[in-house]
file start_7.cif (mmCIF, C-alpha atoms)
data_structure
#
loop_
_atom_site.group_PDB
_atom_site.id
_atom_site.type_symbol
_atom_site.label_atom_id
_atom_site.label_comp_id
_atom_site.auth_asym_id
_atom_site.auth_seq_id
_atom_site.Cartn_x
_atom_site.Cartn_y
_atom_site.Cartn_z
ATOM 1 C CA MET A 1189 6.381 7.528 5.468
ATOM 2 C CA ASN A 1190 5.208 4.110 4.296
ATOM 3 C CA VAL A 1191 1.903 2.839 5.687
ATOM 4 C CA GLY A 1192 0.907 -0.808 5.585
ATOM 5 C CA ILE A 1193 -0.743 -3.673 7.427
ATOM 6 C CA LEU A 1194 0.973 -5.007 10.542
ATOM 7 C CA GLY A 1195 -1.475 -7.792 11.381
ATOM 8 C CA THR A 1196 -4.762 -9.343 10.241
ATOM 9 C CA GLY A 1197 -7.536 -11.293 11.919
ATOM 10 C CA HIS A 1198 -11.019 -12.570 11.150
ATOM 11 C CA TYR A 1199 -14.022 -14.145 12.811
ATOM 12 C CA LEU A 1200 -16.622 -16.537 11.391
ATOM 13 C CA PRO A 1201 -19.847 -17.634 13.067
ATOM 14 C CA THR A 1202 -20.066 -21.374 13.695
ATOM 15 C CA ARG A 1203 -23.478 -21.921 12.073
ATOM 16 C CA VAL A 1204 -23.133 -23.221 8.500
ATOM 17 C CA VAL A 1205 -26.081 -22.834 6.113
ATOM 18 C CA THR A 1206 -25.780 -24.735 2.825
ATOM 19 C CA ASN A 1207 -27.586 -24.213 -0.456
ATOM 20 C CA LYS A 1208 -29.553 -27.367 0.323
ATOM 21 C CA ASP A 1209 -30.722 -25.742 3.550
ATOM 22 C CA LEU A 1210 -31.989 -22.723 1.611
ATOM 23 C CA GLU A 1211 -33.922 -24.971 -0.771
ATOM 24 C CA LYS A 1212 -36.205 -25.715 2.187
ATOM 25 C CA ILE A 1213 -37.199 -22.097 2.816
ATOM 26 C CA VAL A 1214 -37.108 -20.345 -0.573
ATOM 27 C CA ASP A 1215 -37.744 -21.255 -4.224
ATOM 28 C CA THR A 1216 -34.179 -21.959 -5.349
ATOM 29 C CA ASN A 1217 -31.770 -24.860 -5.775
ATOM 30 C CA ASP A 1218 -28.128 -25.700 -5.200
ATOM 31 C CA GLU A 1219 -27.164 -25.826 -8.873
ATOM 32 C CA TRP A 1220 -28.701 -22.436 -9.641
ATOM 33 C CA ILE A 1221 -26.846 -20.783 -6.750
ATOM 34 C CA ARG A 1222 -23.484 -22.427 -7.475
ATOM 35 C CA THR A 1223 -23.448 -21.771 -11.218
ATOM 36 C CA ARG A 1224 -24.519 -18.132 -10.952
ATOM 37 C CA THR A 1225 -22.665 -17.046 -7.829
ATOM 38 C CA GLY A 1226 -20.029 -19.617 -6.879
ATOM 39 C CA ILE A 1227 -21.529 -19.945 -3.395
ATOM 40 C CA GLU A 1228 -22.053 -23.338 -1.768
ATOM 41 C CA GLU A 1229 -22.545 -22.335 1.867
ATOM 42 C CA ARG A 1230 -22.409 -19.352 4.171
ATOM 43 C CA ARG A 1231 -22.025 -18.612 7.915
ATOM 44 C CA LEU A 1232 -24.845 -17.012 9.899
ATOM 45 C CA ALA A 1233 -24.455 -15.572 13.388
ATOM 46 C CA GLU A 1234 -26.671 -16.759 16.203
ATOM 47 C CA ASP A 1235 -29.093 -14.295 17.801
ATOM 48 C CA ASP A 1236 -26.729 -13.579 20.691
ATOM 49 C CA ILE A 1237 -23.783 -12.697 18.404
ATOM 50 C CA ASN A 1238 -23.873 -9.178 17.025
ATOM 51 C CA THR A 1239 -21.667 -7.054 14.793
ATOM 52 C CA SER A 1240 -19.688 -5.693 17.760
ATOM 53 C CA ASP A 1241 -18.975 -9.233 18.998
ATOM 54 C CA MET A 1242 -17.646 -10.364 15.635
ATOM 55 C CA SER A 1243 -15.607 -7.153 15.338
ATOM 56 C CA TYR A 1244 -14.050 -7.731 18.744
ATOM 57 C CA TYR A 1245 -12.994 -11.293 17.971
ATOM 58 C CA ALA A 1246 -11.502 -10.283 14.609
ATOM 59 C CA ALA A 1247 -9.653 -7.418 16.313
ATOM 60 C CA LEU A 1248 -8.086 -9.783 18.847
ATOM 61 C CA GLY A 1249 -6.647 -11.839 15.997
ATOM 62 C CA ALA A 1250 -5.232 -8.798 14.240
ATOM 63 C CA LEU A 1251 -3.617 -7.486 17.423
ATOM 64 C CA GLU A 1252 -2.096 -10.875 18.129
ATOM 65 C CA GLU A 1253 -0.612 -11.138 14.642
ATOM 66 C CA ALA A 1254 0.722 -7.574 14.917
ATOM 67 C CA LYS A 1255 2.203 -8.429 18.351
ATOM 68 C CA MET A 1256 0.505 -5.346 19.712
ATOM 69 C CA ASP A 1257 -1.498 -4.476 22.795
ATOM 70 C CA ALA A 1258 -4.828 -2.662 22.557
ATOM 71 C CA SER A 1259 -3.314 0.209 24.545
ATOM 72 C CA GLU A 1260 -1.119 0.979 21.514
ATOM 73 C CA ILE A 1261 -4.097 1.643 19.208
ATOM 74 C CA ASP A 1262 -4.803 5.337 18.565
ATOM 75 C CA LEU A 1263 -7.929 5.041 16.390
ATOM 76 C CA ILE A 1264 -10.551 2.376 15.708
ATOM 77 C CA LEU A 1265 -12.517 2.463 12.439
ATOM 78 C CA VAL A 1266 -15.346 -0.005 11.897
ATOM 79 C CA ALA A 1267 -16.907 -0.311 8.446
ATOM 80 C CA THR A 1268 -20.426 -1.684 8.760
ATOM 81 C CA VAL A 1269 -24.033 -1.240 7.631
ATOM 82 C CA THR A 1270 -25.417 -3.418 10.442
ATOM 83 C CA ALA A 1271 -24.427 -1.673 13.655
ATOM 84 C CA ASP A 1272 -25.807 -3.146 16.870
ATOM 85 C CA THR A 1273 -27.617 0.142 17.499
ATOM 86 C CA PRO A 1274 -27.678 3.546 15.738
ATOM 87 C CA PHE A 1275 -25.434 4.724 18.560
ATOM 88 C CA PRO A 1276 -23.110 4.177 20.286
ATOM 89 C CA SER A 1277 -21.019 3.108 17.321
ATOM 90 C CA VAL A 1278 -19.667 -0.400 16.931
ATOM 91 C CA ALA A 1279 -16.195 1.166 17.094
ATOM 92 C CA CYS A 1280 -16.917 2.561 20.559
ATOM 93 C CA MET A 1281 -18.208 -0.820 21.711
ATOM 94 C CA VAL A 1282 -15.021 -2.489 20.460
ATOM 95 C CA GLN A 1283 -12.873 0.193 22.076
ATOM 96 C CA GLU A 1284 -14.453 -0.443 25.471
ATOM 97 C CA ARG A 1285 -14.241 -4.219 25.156
ATOM 98 C CA LEU A 1286 -10.612 -4.222 24.033
ATOM 99 C CA GLY A 1287 -9.599 -1.751 26.711
ATOM 100 C CA ALA A 1288 -8.140 0.527 24.031
ATOM 101 C CA THR A 1289 -8.645 3.502 26.323
ATOM 102 C CA LYS A 1290 -6.628 6.063 24.369
ATOM 103 C CA ALA A 1291 -8.191 5.276 20.977
ATOM 104 C CA ALA A 1292 -10.668 7.514 19.187
ATOM 105 C CA ALA A 1293 -13.445 5.517 17.540
ATOM 106 C CA MET A 1294 -15.995 5.854 14.751
ATOM 107 C CA ASP A 1295 -17.960 3.815 12.223
ATOM 108 C CA ILE A 1296 -17.739 4.190 8.449
ATOM 109 C CA GLY A 1297 -20.674 3.589 6.103
ATOM 110 C CA ALA A 1298 -19.651 2.588 2.590
ATOM 111 C CA ALA A 1299 -21.344 -0.833 2.487
ATOM 112 C CA CYS A 1300 -19.221 -3.568 0.889
ATOM 113 C CA ALA A 1301 -16.495 -1.037 0.014
ATOM 114 C CA GLY A 1302 -16.284 0.092 3.630
ATOM 115 C CA PHE A 1303 -13.030 -1.642 4.499
ATOM 116 C CA MET A 1304 -11.301 0.075 1.569
ATOM 117 C CA TYR A 1305 -12.543 3.450 2.792
ATOM 118 C CA GLY A 1306 -11.355 2.582 6.299
ATOM 119 C CA LEU A 1307 -7.927 1.484 5.124
ATOM 120 C CA ILE A 1308 -7.327 4.685 3.186
ATOM 121 C CA THR A 1309 -8.678 6.839 6.029
ATOM 122 C CA ALA A 1310 -6.205 5.122 8.353
ATOM 123 C CA LYS A 1311 -3.399 5.811 5.893
ATOM 124 C CA GLN A 1312 -4.114 9.550 5.949
ATOM 125 C CA PHE A 1313 -4.130 9.780 9.753
ATOM 126 C CA ILE A 1314 -0.829 7.912 9.983
ATOM 127 C CA GLU A 1315 0.921 9.822 7.198
ATOM 128 C CA THR A 1316 0.031 13.142 8.834
ATOM 129 C CA LYS A 1317 1.419 11.748 12.111
ATOM 130 C CA ALA A 1318 -1.879 12.408 13.877
ATOM 131 C CA TYR A 1319 -1.951 8.737 14.887
ATOM 132 C CA LYS A 1320 0.584 5.919 14.878
ATOM 133 C CA ASN A 1321 -1.520 2.730 14.910
ATOM 134 C CA VAL A 1322 -5.060 2.369 13.554
ATOM 135 C CA LEU A 1323 -7.325 -0.662 13.884
ATOM 136 C CA VAL A 1324 -9.546 -1.050 10.819
ATOM 137 C CA ILE A 1325 -12.429 -3.525 10.977
ATOM 138 C CA GLY A 1326 -14.983 -4.601 8.396
ATOM 139 C CA ALA A 1327 -17.952 -6.405 9.963
ATOM 140 C CA ASP A 1328 -21.559 -7.117 9.080
ATOM 141 C CA LYS A 1329 -24.410 -9.252 10.349
ATOM 142 C CA LEU A 1330 -26.335 -9.228 7.093
ATOM 143 C CA SER A 1331 -28.645 -12.001 8.277
ATOM 144 C CA LYS A 1332 -30.588 -9.430 10.320
ATOM 145 C CA ILE A 1333 -31.467 -7.333 7.234
ATOM 146 C CA ILE A 1334 -32.089 -10.176 4.782
ATOM 147 C CA ASN A 1335 -35.551 -10.737 3.333
ATOM 148 C CA TRP A 1336 -35.656 -14.527 3.510
ATOM 149 C CA GLU A 1337 -38.430 -14.589 0.902
ATOM 150 C CA ASP A 1338 -36.308 -12.778 -1.693
ATOM 151 C CA ARG A 1339 -34.347 -15.502 -3.451
ATOM 152 C CA SER A 1340 -32.313 -12.941 -5.434
ATOM 153 C CA THR A 1341 -30.579 -11.718 -2.269
ATOM 154 C CA CYS A 1342 -30.953 -14.215 0.580
ATOM 155 C CA VAL A 1343 -28.816 -16.856 -1.168
ATOM 156 C CA LEU A 1344 -25.873 -14.456 -1.497
ATOM 157 C CA LEU A 1345 -25.178 -13.188 1.980
ATOM 158 C CA GLY A 1346 -23.406 -14.262 5.150
ATOM 159 C CA ASP A 1347 -22.073 -12.860 8.417
ATOM 160 C CA GLY A 1348 -18.524 -12.270 9.610
ATOM 161 C CA ALA A 1349 -15.755 -9.814 10.466
ATOM 162 C CA GLY A 1350 -12.204 -9.073 9.391
ATOM 163 C CA ALA A 1351 -9.645 -6.706 10.903
ATOM 164 C CA ALA A 1352 -6.254 -5.180 10.213
ATOM 165 C CA VAL A 1353 -3.804 -3.198 12.310
ATOM 166 C CA VAL A 1354 -2.412 -0.403 10.138
ATOM 167 C CA GLY A 1355 0.827 1.404 10.875
ATOM 168 C CA GLU A 1356 4.224 2.436 9.600
ATOM 169 C CA VAL A 1357 6.201 -0.139 7.598
ATOM 170 C CA THR A 1358 9.661 -0.159 6.032
ATOM 171 C CA GLU A 1359 10.624 1.675 2.850
ATOM 172 C CA GLY A 1360 9.069 0.178 -0.279
ATOM 173 C CA LYS A 1361 6.404 -1.756 1.629
ATOM 174 C CA GLY A 1362 2.776 -0.928 2.355
ATOM 175 C CA ILE A 1363 0.118 0.962 0.392
ATOM 176 C CA LEU A 1364 1.552 2.241 -2.883
ATOM 177 C CA SER A 1365 -1.554 3.547 -4.641
ATOM 178 C CA PHE A 1366 -5.315 3.706 -4.166
ATOM 179 C CA GLU A 1367 -8.609 4.693 -5.731
ATOM 180 C CA LEU A 1368 -11.878 5.542 -4.012
ATOM 181 C CA GLY A 1369 -15.098 6.462 -5.781
ATOM 182 C CA ALA A 1370 -18.834 6.889 -5.469
ATOM 183 C CA ASN A 1371 -21.876 7.287 -7.696
ATOM 184 C CA GLY A 1372 -24.848 8.332 -5.617
ATOM 185 C CA SER A 1373 -27.224 8.035 -8.570
ATOM 186 C CA GLY A 1374 -26.851 4.261 -8.265
ATOM 187 C CA GLY A 1375 -28.032 4.220 -4.653
ATOM 188 C CA LYS A 1376 -31.493 3.141 -5.752
ATOM 189 C CA ASP A 1377 -30.054 -0.162 -7.015
ATOM 190 C CA LEU A 1378 -28.793 -1.364 -3.624
ATOM 191 C CA TYR A 1379 -30.301 -0.077 -0.396
ATOM 192 C CA GLN A 1380 -32.066 -0.849 2.873
ATOM 193 C CA ASN A 1381 -35.808 -0.222 2.654
ATOM 194 C CA GLU A 1382 -38.341 1.120 5.160
ATOM 195 C CA ASN A 1383 -38.706 -2.406 6.578
ATOM 196 C CA ASP A 1384 -34.967 -2.503 7.301
ATOM 197 C CA GLN A 1385 -34.460 -5.157 4.621
ATOM 198 C CA LEU A 1386 -31.806 -5.236 1.925
ATOM 199 C CA VAL A 1387 -33.078 -4.590 -1.608
ATOM 200 C CA MET A 1388 -30.964 -5.064 -4.732
ATOM 201 C CA ASN A 1389 -31.449 -4.603 -8.462
ATOM 202 C CA GLY A 1390 -29.191 -7.515 -9.300
ATOM 203 C CA ARG A 1391 -28.923 -6.795 -13.010
ATOM 204 C CA GLU A 1392 -27.818 -3.182 -12.543
ATOM 205 C CA VAL A 1393 -25.419 -3.942 -9.683
ATOM 206 C CA PHE A 1394 -23.844 -6.750 -11.710
ATOM 207 C CA LYS A 1395 -23.355 -4.442 -14.716
ATOM 208 C CA PHE A 1396 -21.760 -1.804 -12.496
ATOM 209 C CA ALA A 1397 -19.501 -4.226 -10.627
ATOM 210 C CA VAL A 1398 -18.294 -6.219 -13.615
ATOM 211 C CA ARG A 1399 -17.110 -2.930 -15.149
ATOM 212 C CA GLN A 1400 -15.841 -1.099 -12.055
ATOM 213 C CA MET A 1401 -13.903 -3.858 -10.272
ATOM 214 C CA PRO A 1402 -11.601 -4.645 -13.229
ATOM 215 C CA GLU A 1403 -11.221 -0.959 -14.070
ATOM 216 C CA SER A 1404 -10.205 0.022 -10.529
ATOM 217 C CA THR A 1405 -7.867 -2.955 -10.305
ATOM 218 C CA VAL A 1406 -5.970 -1.841 -13.401
ATOM 219 C CA ASN A 1407 -6.060 1.836 -12.378
ATOM 220 C CA VAL A 1408 -4.105 1.335 -9.138
ATOM 221 C CA ILE A 1409 -1.478 -0.695 -11.000
ATOM 222 C CA ASN A 1410 -1.180 1.909 -13.744
ATOM 223 C CA GLN A 1411 -0.712 4.650 -11.131
ATOM 224 C CA LEU A 1412 2.535 2.926 -10.173
ATOM 225 C CA GLY A 1413 3.798 2.514 -13.698
ATOM 226 C CA TYR A 1414 3.666 -1.241 -13.213
ATOM 227 C CA SER A 1415 2.238 -3.787 -15.598
ATOM 228 C CA LYS A 1416 -0.479 -6.338 -14.901
ATOM 229 C CA GLU A 1417 2.161 -9.048 -14.884
ATOM 230 C CA ASP A 1418 3.694 -7.523 -11.745
ATOM 231 C CA VAL A 1419 0.671 -8.421 -9.597
ATOM 232 C CA ASP A 1420 1.260 -11.447 -7.356
ATOM 233 C CA TYR A 1421 -2.158 -11.763 -5.688
ATOM 234 C CA LEU A 1422 -5.653 -10.312 -5.935
ATOM 235 C CA VAL A 1423 -8.089 -9.950 -3.014
ATOM 236 C CA PRO A 1424 -11.466 -8.913 -4.460
ATOM 237 C CA HIS A 1425 -14.772 -8.330 -2.730
ATOM 238 C CA GLN A 1426 -16.424 -11.747 -2.553
ATOM 239 C CA ALA A 1427 -19.724 -10.800 -4.200
ATOM 240 C CA ASN A 1428 -20.069 -13.130 -7.163
ATOM 241 C CA ILE A 1429 -17.514 -15.449 -8.758
ATOM 242 C CA ARG A 1430 -18.306 -14.058 -12.211
ATOM 243 C CA ILE A 1431 -17.527 -10.508 -11.100
ATOM 244 C CA MET A 1432 -14.369 -11.669 -9.345
ATOM 245 C CA ASP A 1433 -13.209 -13.586 -12.410
ATOM 246 C CA ALA A 1434 -13.760 -10.501 -14.580
ATOM 247 C CA ALA A 1435 -11.263 -8.592 -12.423
ATOM 248 C CA ARG A 1436 -8.843 -11.504 -12.378
ATOM 249 C CA GLU A 1437 -8.977 -11.972 -16.143
ATOM 250 C CA ARG A 1438 -8.410 -8.254 -16.702
ATOM 251 C CA LEU A 1439 -5.134 -8.693 -14.810
ATOM 252 C CA GLY A 1440 -4.353 -11.890 -16.670
ATOM 253 C CA ILE A 1441 -3.619 -13.895 -13.524
ATOM 254 C CA SER A 1442 -4.539 -17.490 -12.753
ATOM 255 C CA SER A 1443 -7.320 -18.411 -10.331
ATOM 256 C CA ASP A 1444 -4.822 -19.662 -7.742
ATOM 257 C CA LYS A 1445 -3.577 -16.068 -7.387
ATOM 258 C CA MET A 1446 -6.986 -14.782 -6.322
ATOM 259 C CA ALA A 1447 -8.534 -15.053 -2.872
ATOM 260 C CA GLN A 1448 -11.724 -17.118 -3.131
ATOM 261 C CA THR A 1449 -13.659 -17.437 0.096
ATOM 262 C CA ILE A 1450 -17.039 -16.925 -1.550
ATOM 263 C CA ARG A 1451 -17.697 -20.657 -1.894
ATOM 264 C CA LYS A 1452 -17.583 -21.148 1.892
ATOM 265 C CA TYR A 1453 -18.747 -17.810 3.249
ATOM 266 C CA GLY A 1454 -20.815 -16.017 0.588
ATOM 267 C CA ASN A 1455 -20.882 -12.219 0.410
ATOM 268 C CA ASN A 1456 -20.006 -10.693 3.792
ATOM 269 C CA SER A 1457 -20.295 -7.010 2.831
ATOM 270 C CA ALA A 1458 -17.618 -4.886 4.576
ATOM 271 C CA ALA A 1459 -16.121 -8.033 6.135
ATOM 272 C CA SER A 1460 -15.528 -9.689 2.776
ATOM 273 C CA ILE A 1461 -12.134 -8.241 1.829
ATOM 274 C CA PRO A 1462 -10.473 -8.270 5.283
ATOM 275 C CA MET A 1463 -11.701 -11.828 5.910
ATOM 276 C CA ALA A 1464 -10.310 -13.019 2.580
ATOM 277 C CA LEU A 1465 -7.063 -11.136 3.221
ATOM 278 C CA SER A 1466 -6.630 -12.574 6.708
ATOM 279 C CA GLU A 1467 -7.339 -16.123 5.560
ATOM 280 C CA SER A 1468 -4.929 -15.787 2.611
ATOM 281 C CA VAL A 1469 -2.162 -14.541 4.906
ATOM 282 C CA LYS A 1470 -2.664 -17.374 7.375
ATOM 283 C CA GLU A 1471 -2.670 -19.965 4.592
ATOM 284 C CA GLY A 1472 0.626 -18.623 3.233
ATOM 285 C CA LYS A 1473 -0.853 -17.473 -0.065
ATOM 286 C CA ILE A 1474 0.448 -13.938 0.471
ATOM 287 C CA LYS A 1475 4.185 -13.712 1.034
ATOM 288 C CA ASP A 1476 6.593 -10.990 2.054
ATOM 289 C CA ASN A 1477 7.261 -8.524 -0.781
ATOM 290 C CA ASP A 1478 4.273 -9.683 -2.861
ATOM 291 C CA LEU A 1479 2.480 -6.981 -4.830
ATOM 292 C CA ILE A 1480 -1.186 -7.409 -3.986
ATOM 293 C CA VAL A 1481 -4.364 -5.617 -5.018
ATOM 294 C CA LEU A 1482 -7.464 -5.254 -2.826
ATOM 295 C CA VAL A 1483 -10.592 -4.174 -4.685
ATOM 296 C CA GLY A 1484 -14.267 -3.882 -3.829
ATOM 297 C CA PHE A 1485 -17.578 -2.208 -4.544
ATOM 298 C CA GLY A 1486 -20.733 -1.651 -2.559
ATOM 299 C CA GLY A 1487 -23.968 0.206 -2.007
ATOM 300 C CA GLY A 1488 -23.871 3.942 -2.457
ATOM 301 C CA LEU A 1489 -22.775 3.065 -5.048
ATOM 302 C CA THR A 1490 -19.174 3.028 -3.811
ATOM 303 C CA TRP A 1491 -15.905 1.411 -4.794
ATOM 304 C CA GLY A 1492 -12.257 1.291 -3.817
ATOM 305 C CA ALA A 1493 -8.959 -0.359 -4.693
ATOM 306 C CA VAL A 1494 -5.498 -0.496 -3.151
ATOM 307 C CA ALA A 1495 -2.174 -1.720 -4.495
ATOM 308 C CA MET A 1496 0.295 -2.599 -1.784
ATOM 309 C CA ARG A 1497 3.660 -4.272 -1.280
ATOM 310 C CA TRP A 1498 3.123 -6.835 1.455
ATOM 311 C CA GLY A 1499 5.348 -6.845 4.493
ATOM 312 C CA ARG A 1500 6.436 -4.873 7.528
#

call {"tool": "encode", "arguments": {"input": "start_7.cif", "output": "structure tokens"}}
result
Amino acid sequence: MNVGILGTGHYLPTRVVTNKDLEKIVDTNDEWIRTRTGIEERRLAEDDINTSDMSYYAALGALEEAKMDASEIDLILVATVTADTPFPSVACMVQERLGATKAAAMDIGAACAGFMYGLITAKQFIETKAYKNVLVIGADKLSKIINWEDRSTCVLLGDGAGAAVVGEVTEGKGILSFELGANGSGGKDLYQNENDQLVMNGREVFKFAVRQMPESTVNVINQLGYSKEDVDYLVPHQANIRIMDAARERLGISSDKMAQTIRKYGNNSAASIPMALSESVKEGKIKDNDLIVLVGFGGGLTWGAVAMRWGR
């Protein structure tokens, strides 16, 4: 059985916060942010928009693109580190709101790599024929755990959600190879502290990511016996343009073959990859039969990569 993506969707808050806006509240400047991260602006959710709301709106888009009703979904997986409440899960909230009454539901915690973990979890359920259609969502409202006095983190992050309907696709299409990994000893470098604020050792996380993202990208291609030249499009976690370029250069592909939403949206944690994927699909940058690679890393430390042949 071949398992792939049947539809994608994403949601972005309407509030735009530019680097110039951040200059007014923290000791930083537009040039410093742009040259070191590639970020020019980000979207922040209003107080009355939570992670479950963004997840719901992204899910509607994915269902529409898949031409599927919520009643056809068997399982909902939401990757997030900013759930509305400790319980019920965001997935259960989305299930109720969609009216997906026959779907099981649970959240996944793998930080920025969460969507990759969700995608591969969905693949296993479908291949074993336990479920037919799985809705995988990556969503985070990072603005509620940001320390707005910490210029090393507050300039990087934004809010949003991305979703994908995962199911059976035709022979030769879908997920061809994957890699998931974790290194718990690195958890101290990226975590949420006792004040519920995000803390990051930027130097150590950068060193980890700039090594792991390119390595995982090449690994999933090598698993297939393909060469780097076979890759048509790369969708990396939108963490830092320098990290993203390291992965792209390892593949030897041009910048126009890499999803780059970081300039407009910043780092959206678990939402980053599905948002970039959904936008790339809607803009026609990913075409039927393209070989694409999704790759990300996150707190834990965690990482994941997928090589897939696009199409249904």

call {"tool": "residues_around", "arguments": {"input": "start_7.cif", "residues": "Asp1418 in chain A", "least_positions_apart": "3", "cutoff": "9 Å", "atoms": "all atoms listed in the file", "output": "ChimeraX atom specification"}}
result
/A:1409,1414-1415,1479

call {"tool": "atom_distance", "arguments": {"input": "start_7.cif", "atom1": "CA of Arg1438 in chain A", "atom2": "CA of Ile1461 in chain A"}}
result
18.9 Å

call {"tool": "resolve_selection", "arguments": {"input": "start_7.cif", "expression": "the PyMOL selection byres ((chain A and resi 1325) around 6)", "output": "tab-separated table (two decimals) with C-alpha atoms, in the coordinates of the input"}}
result
chain	number	residue	atom	x	y	z
A	1266	VAL	CA	-15.35	0.00	11.90
A	1324	VAL	CA	-9.55	-1.05	10.82
A	1326	GLY	CA	-14.98	-4.60	8.40
A	1350	GLY	CA	-12.20	-9.07	9.39
A	1351	ALA	CA	-9.64	-6.71	10.90

call {"tool": "residues_around", "arguments": {"input": "start_7.cif", "residues": "range 1196-1203 of chain A", "least_positions_apart": "6", "cutoff": "8 Å", "atoms": "all atoms listed in the file", "output": "short mmCIF file (atom, residue, chain, number, x, y, z; two decimals) with C-alpha atoms, keeping the file's coordinate frame"}}
result
data_model
loop_
_atom_site.label_atom_id
_atom_site.label_comp_id
_atom_site.auth_asym_id
_atom_site.auth_seq_id
_atom_site.Cartn_x
_atom_site.Cartn_y
_atom_site.Cartn_z
CA ARG A 1231 -22.02 -18.61 7.92
CA LEU A 1232 -24.84 -17.01 9.90
CA ALA A 1233 -24.46 -15.57 13.39
CA GLU A 1234 -26.67 -16.76 16.20
CA MET A 1242 -17.65 -10.36 15.64
CA SER A 1243 -15.61 -7.15 15.34
CA TYR A 1245 -12.99 -11.29 17.97
CA ALA A 1246 -11.50 -10.28 14.61
CA ALA A 1247 -9.65 -7.42 16.31
CA LEU A 1248 -8.09 -9.78 18.85
CA GLY A 1249 -6.65 -11.84 16.00
CA ALA A 1250 -5.23 -8.80 14.24
CA LEU A 1251 -3.62 -7.49 17.42
CA GLU A 1253 -0.61 -11.14 14.64
CA ALA A 1254 0.72 -7.57 14.92
CA ASP A 1347 -22.07 -12.86 8.42
CA GLY A 1348 -18.52 -12.27 9.61
CA ALA A 1349 -15.76 -9.81 10.47
CA GLY A 1350 -12.20 -9.07 9.39
CA ALA A 1351 -9.64 -6.71 10.90
CA ALA A 1352 -6.25 -5.18 10.21
CA VAL A 1353 -3.80 -3.20 12.31
CA PRO A 1462 -10.47 -8.27 5.28
CA MET A 1463 -11.70 -11.83 5.91
CA LEU A 1465 -7.06 -11.14 3.22
CA SER A 1466 -6.63 -12.57 6.71
CA GLU A 1467 -7.34 -16.12 5.56
CA VAL A 1469 -2.16 -14.54 4.91
#

call {"tool": "resolve_selection", "arguments": {"input": "start_7.cif", "expression": "the PyMOL selection byres ((chain A and resi 1380-1383) around 12)", "output": "list in words"}}
result
Val1269, Thr1270, Ala1299, Leu1330, Lys1332, Ile1333, Ile1334, Asn1335, Gly1375, Lys1376, Asp1377, Leu1378, Tyr1379, Asp1384, Gln1385, Leu1386, Val1387, Met1388, Asn1389, Gly1487 and Gly1488 of chain A

call {"tool": "write_last_selection", "arguments": {"input": "start_7.cif", "atoms": "C-alpha atoms", "output": "CSV table (one decimal), in the coordinates of the input"}}
result
chain,number,residue,atom,x,y,z
A,1269,VAL,CA,-24.0,-1.2,7.6
A,1270,THR,CA,-25.4,-3.4,10.4
A,1299,ALA,CA,-21.3,-0.8,2.5
A,1330,LEU,CA,-26.3,-9.2,7.1
A,1332,LYS,CA,-30.6,-9.4,10.3
A,1333,ILE,CA,-31.5,-7.3,7.2
A,1334,ILE,CA,-32.1,-10.2,4.8
A,1335,ASN,CA,-35.6,-10.7,3.3
A,1375,GLY,CA,-28.0,4.2,-4.7
A,1376,LYS,CA,-31.5,3.1,-5.8
A,1377,ASP,CA,-30.1,-0.2,-7.0
A,1378,LEU,CA,-28.8,-1.4,-3.6
A,1379,TYR,CA,-30.3,-0.1,-0.4
A,1384,ASP,CA,-35.0,-2.5,7.3
A,1385,GLN,CA,-34.5,-5.2,4.6
A,1386,LEU,CA,-31.8,-5.2,1.9
A,1387,VAL,CA,-33.1,-4.6,-1.6
A,1388,MET,CA,-31.0,-5.1,-4.7
A,1389,ASN,CA,-31.4,-4.6,-8.5
A,1487,GLY,CA,-24.0,0.2,-2.0
A,1488,GLY,CA,-23.9,3.9,-2.5

call {"tool": "resolve_selection", "arguments": {"input": "start_7.cif", "expression": "the PyMOL selection byres ((chain A and resi 1400-1406) around 9)", "output": "VMD selection string"}}
result
chain A and resid 1366 to 1368 1395 to 1399 1407 to 1411 1415 to 1416 1422 1424 to 1425 1431 to 1432 1434 to 1439 1481 to 1485 1491 to 1495

call {"tool": "closest_residue", "arguments": {"input": "start_7.cif", "among": "A:Ile1264, A:Thr1225, A:Ala1258, A:Val1357", "to": "Phe1394 in chain A", "atoms": "all atoms listed in the file"}}
result
A:Thr1225

call {"tool": "atom_distance", "arguments": {"input": "start_7.cif", "atom1": "CA of Lys1290 in chain A", "atom2": "CA of Tyr1319 in chain A"}}
result
10.9 Å

call {"tool": "residues_around", "arguments": {"input": "start_7.cif", "residues": "Ser1457 in chain A", "least_positions_apart": "3", "cutoff": "7 Å", "atoms": "all atoms listed in the file", "output": "MDAnalysis selection string"}}
result
chainID A and resid 1299:1300 1328 1460

call {"tool": "write_last_selection", "arguments": {"input": "start_7.cif", "atoms": "C-alpha atoms", "output": "PDB file, in the coordinates of the input"}}
result
ATOM      1  CA  ALA A1299     -21.344  -0.833   2.487  1.00  0.00           C
ATOM      2  CA  CYS A1300     -19.221  -3.568   0.889  1.00  0.00           C
ATOM      3  CA  ASP A1328     -21.559  -7.117   9.080  1.00  0.00           C
ATOM      4  CA  SER A1460     -15.528  -9.689   2.776  1.00  0.00           C
TER       5      SER A1460
END

call {"tool": "atom_distance", "arguments": {"input": "start_7.cif", "atom1": "CA of Glu1229 in chain A", "atom2": "CA of Thr1341 in chain A"}}
result
13.9 Å

call {"tool": "residues_around", "arguments": {"input": "start_7.cif", "residues": "Gly1192 in chain A", "least_positions_apart": "5", "cutoff": "7 Å", "atoms": "all atoms listed in the file", "output": "list in words"}}
result
Val1354, Gly1355, Glu1356, Val1357, Lys1361, Gly1362 and Ile1363 of chain A

call {"tool": "write_last_selection", "arguments": {"input": "start_7.cif", "atoms": "C-alpha atoms", "output": "short mmCIF file (atom, residue, chain, number, x, y, z; two decimals), in the frame of the given file"}}
result
data_model
loop_
_atom_site.label_atom_id
_atom_site.label_comp_id
_atom_site.auth_asym_id
_atom_site.auth_seq_id
_atom_site.Cartn_x
_atom_site.Cartn_y
_atom_site.Cartn_z
CA VAL A 1354 -2.41 -0.40 10.14
CA GLY A 1355 0.83 1.40 10.88
CA GLU A 1356 4.22 2.44 9.60
CA VAL A 1357 6.20 -0.14 7.60
CA LYS A 1361 6.40 -1.76 1.63
CA GLY A 1362 2.78 -0.93 2.36
CA ILE A 1363 0.12 0.96 0.39
#
